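Content type mmCIF, C-alpha atoms, pLDDT in the B column; chains and numbers go by the auth columns, from the file target.cif:
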```cif
data_entry
#
loop_
_atom_site.group_PDB
_atom_site.id
_atom_site.type_symbol
_atom_site.label_atom_id
_atom_site.label_comp_id
_atom_site.label_asym_id
_atom_site.label_seq_id
_atom_site.Cartn_x
_atom_site.Cartn_y
_atom_site.Cartn_z
_atom_site.B_iso_or_equiv
_atom_site.auth_seq_id
_atom_site.auth_asym_id
ATOM 1 C CA MET A 1 -119.633 285.055 274.430 65.00 572 Y
ATOM 2 C CA ILE A 2 -117.870 283.418 277.354 68.00 573 Y
ATOM 3 C CA SER A 3 -115.112 286.022 277.680 76.00 574 Y
ATOM 4 C CA LEU A 4 -117.660 288.811 277.381 75.00 575 Y
ATOM 5 C CA GLY A 5 -119.613 287.215 280.210 71.00 576 Y
ATOM 6 C CA ILE A 6 -116.525 286.934 282.423 76.00 577 Y
ATOM 7 C CA SER A 7 -115.245 290.425 281.818 78.00 578 Y
ATOM 8 C CA PHE A 8 -118.356 292.559 281.414 81.00 579 Y
ATOM 9 C CA VAL A 9 -121.846 291.142 281.798 82.00 580 Y
ATOM 10 C CA PHE A 10 -121.669 289.132 285.008 83.00 581 Y
ATOM 11 C CA PRO A 11 -119.643 291.711 286.978 83.00 582 Y
ATOM 12 C CA LEU A 12 -122.115 294.433 286.018 83.00 583 Y
ATOM 13 C CA ILE A 13 -124.941 292.261 287.275 83.00 584 Y
ATOM 14 C CA LEU A 14 -123.193 291.234 290.485 84.00 585 Y
ATOM 15 C CA ILE A 15 -121.818 294.593 291.691 84.00 586 Y
ATOM 16 C CA PRO A 16 -125.292 296.110 292.348 84.00 587 Y
ATOM 17 C CA CYS A 17 -126.397 292.848 294.000 83.00 588 Y
ATOM 18 C CA PHE A 18 -123.403 292.918 296.328 82.00 589 Y
ATOM 19 C CA ALA A 19 -123.903 296.650 297.032 82.00 590 Y
ATOM 20 C CA GLN A 20 -127.407 295.945 298.348 83.00 591 Y
ATOM 21 C CA LEU A 21 -125.857 293.443 300.760 81.00 592 Y
ATOM 22 C CA ASN A 22 -123.215 296.012 301.813 81.00 593 Y
ATOM 23 C CA LEU A 23 -120.492 293.850 300.271 77.00 594 Y
ATOM 24 C CA LEU A 24 -118.434 296.220 298.179 72.00 595 Y
ATOM 25 C CA GLY A 25 -115.379 293.988 297.736 68.00 596 Y
ATOM 26 C CA ILE A 26 -114.618 293.235 294.116 71.00 597 Y
ATOM 27 C CA TRP A 27 -112.789 290.095 295.277 72.00 598 Y
ATOM 28 C CA LEU A 28 -116.203 288.487 295.857 75.00 599 Y
ATOM 29 C CA ASN A 29 -117.144 289.190 292.286 79.00 600 Y
ATOM 30 C CA PHE A 30 -114.633 286.896 290.580 83.00 601 Y
ATOM 31 C CA PRO A 31 -115.594 283.504 292.104 86.00 602 Y
ATOM 32 C CA ILE A 32 -119.285 284.037 291.483 85.00 603 Y
ATOM 33 C CA THR A 33 -118.550 285.349 287.979 85.00 604 Y
ATOM 34 C CA SER A 34 -116.563 282.196 287.300 86.00 605 Y
ATOM 35 C CA LEU A 35 -119.399 280.041 288.618 89.00 606 Y
ATOM 36 C CA LEU A 36 -121.970 281.806 286.433 87.00 607 Y
ATOM 37 C CA THR A 37 -119.689 281.506 283.414 86.00 608 Y
ATOM 38 C CA GLY A 38 -119.281 277.788 284.061 89.00 609 Y
ATOM 39 C CA LEU A 39 -123.048 277.380 284.212 90.00 610 Y
ATOM 40 C CA LEU A 40 -123.337 279.308 280.947 87.00 611 Y
ATOM 41 C CA CYS A 41 -120.781 276.973 279.352 88.00 612 Y
ATOM 42 C CA ILE A 42 -122.676 273.893 280.508 91.00 613 Y
ATOM 43 C CA PHE A 43 -125.911 275.358 279.135 91.00 614 Y
ATOM 44 C CA LEU A 44 -124.337 276.195 275.763 88.00 615 Y
ATOM 45 C CA ILE A 45 -122.766 272.743 275.451 89.00 616 Y
ATOM 46 C CA TYR A 46 -126.121 271.127 276.277 90.00 617 Y
ATOM 47 C CA ILE A 47 -127.875 273.232 273.637 90.00 618 Y
ATOM 48 C CA TYR A 48 -125.159 272.409 271.084 87.00 619 Y
ATOM 49 C CA VAL A 49 -125.379 268.653 271.733 87.00 620 Y
ATOM 50 C CA TYR A 50 -129.191 268.720 271.741 85.00 621 Y
ATOM 51 C CA ARG A 51 -129.358 270.560 268.408 82.00 622 Y
ATOM 52 C CA ARG A 52 -126.736 268.295 266.909 82.00 623 Y
ATOM 53 C CA LYS A 53 -128.759 265.241 267.993 79.00 624 Y
ATOM 54 C CA ILE A 54 -131.932 266.684 266.464 73.00 625 Y
ATOM 55 C CA LEU A 55 -130.151 267.502 263.214 70.00 626 Y
ATOM 56 C CA SER A 56 -128.583 264.038 263.022 77.00 627 Y
ATOM 57 C CA ASP A 57 -131.983 262.430 263.691 73.00 628 Y
ATOM 58 C CA GLN A 58 -133.528 264.499 260.907 71.00 629 Y
ATOM 59 C CA SER A 59 -130.752 263.609 258.480 70.00 630 Y
ATOM 60 C CA ASP A 60 -131.183 259.924 259.361 65.00 631 Y
ATOM 61 C CA LYS A 61 -134.914 260.160 258.625 66.00 632 Y
ATOM 62 C CA THR A 62 -134.324 261.856 255.277 65.00 633 Y
ATOM 63 C CA SER A 63 -131.674 259.321 254.304 60.00 634 Y
ATOM 64 C CA GLU A 64 -134.046 256.481 255.259 58.00 635 Y
ATOM 65 C CA ALA A 65 -136.813 258.096 253.207 55.00 636 Y
ATOM 66 C CA SER A 66 -134.595 258.463 250.168 56.00 637 Y
ATOM 67 C CA THR A 67 -133.394 254.866 250.550 55.00 638 Y
ATOM 68 C CA SER A 68 -136.941 253.566 250.813 52.00 639 Y
ATOM 69 C CA GLU A 69 -137.915 255.428 247.644 54.00 640 Y
ATOM 70 C CA GLU A 70 -134.988 253.991 245.715 56.00 641 Y
ATOM 71 C CA ASN A 71 -135.332 250.411 246.992 56.00 642 Y
ATOM 72 C CA PRO A 72 -138.940 249.641 247.890 55.00 643 Y
ATOM 73 C CA THR A 73 -139.410 246.604 250.096 57.00 644 Y
ATOM 74 C CA ILE A 74 -142.404 245.084 251.814 57.00 645 Y
ATOM 75 C CA ASP A 75 -141.456 246.828 255.096 55.00 646 Y
ATOM 76 C CA ASN A 76 -141.217 250.239 253.435 51.00 647 Y
ATOM 77 C CA LEU A 77 -144.571 249.890 251.642 53.00 648 Y
ATOM 78 C CA ASN A 78 -146.497 249.733 254.926 50.00 649 Y
#
```
Written as structure tokens, that's how I'd like the structure from this file.
Amino acid sequence: MISLGISFVFPLILIPCFAQLNLLGIWLNFPITSLLTGLLCIFLIYIYVYRRKILSDQSDKTSEASTSEENPTIDNLN
């Protein structure tokens, strides 16, 4: 996904934007493409960590529930 963004998607988005500003140099395209790709990486890492946290929280809750069913205590009965 990242290499596709660097090589195809972001340049196709940026070339028409630069053409409207009368900036036809492709050399302007690469730094902004790299910046957008970096932002995409940060977003994907955030989503990955967030989902992993949610999944680990859910697995902790299910393991606590199974433990409370196997070993009932006064705290778990409430």
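With all atoms listed in the file as the atoms that count, the residue of Y:Ile618, Y:Asp628, Y:Asn600, Y:Cys612 with the shortest distance to Leu585 of chain Y is Y:Asn600.
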Looking at all atoms listed in the file, which of Y:Val620, Y:Ile613, Y:Leu599, Y:Thr608 is the one that sits closest to Ser578 of chain Y? Y:Thr608
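Across the structure, atom CA of Leu610 of chain Y and atom CA of Gln629 of chain Y are spaced 28.6 Å apart.
We find atom CA of Phe579 of chain Y and atom CA of Arg622 of chain Y to be spaced 27.8 Å apart.
Here atom CA of Ile577 of chain Y stands at a distance of 26.3 Å from atom CA of Arg623 of chain Y.
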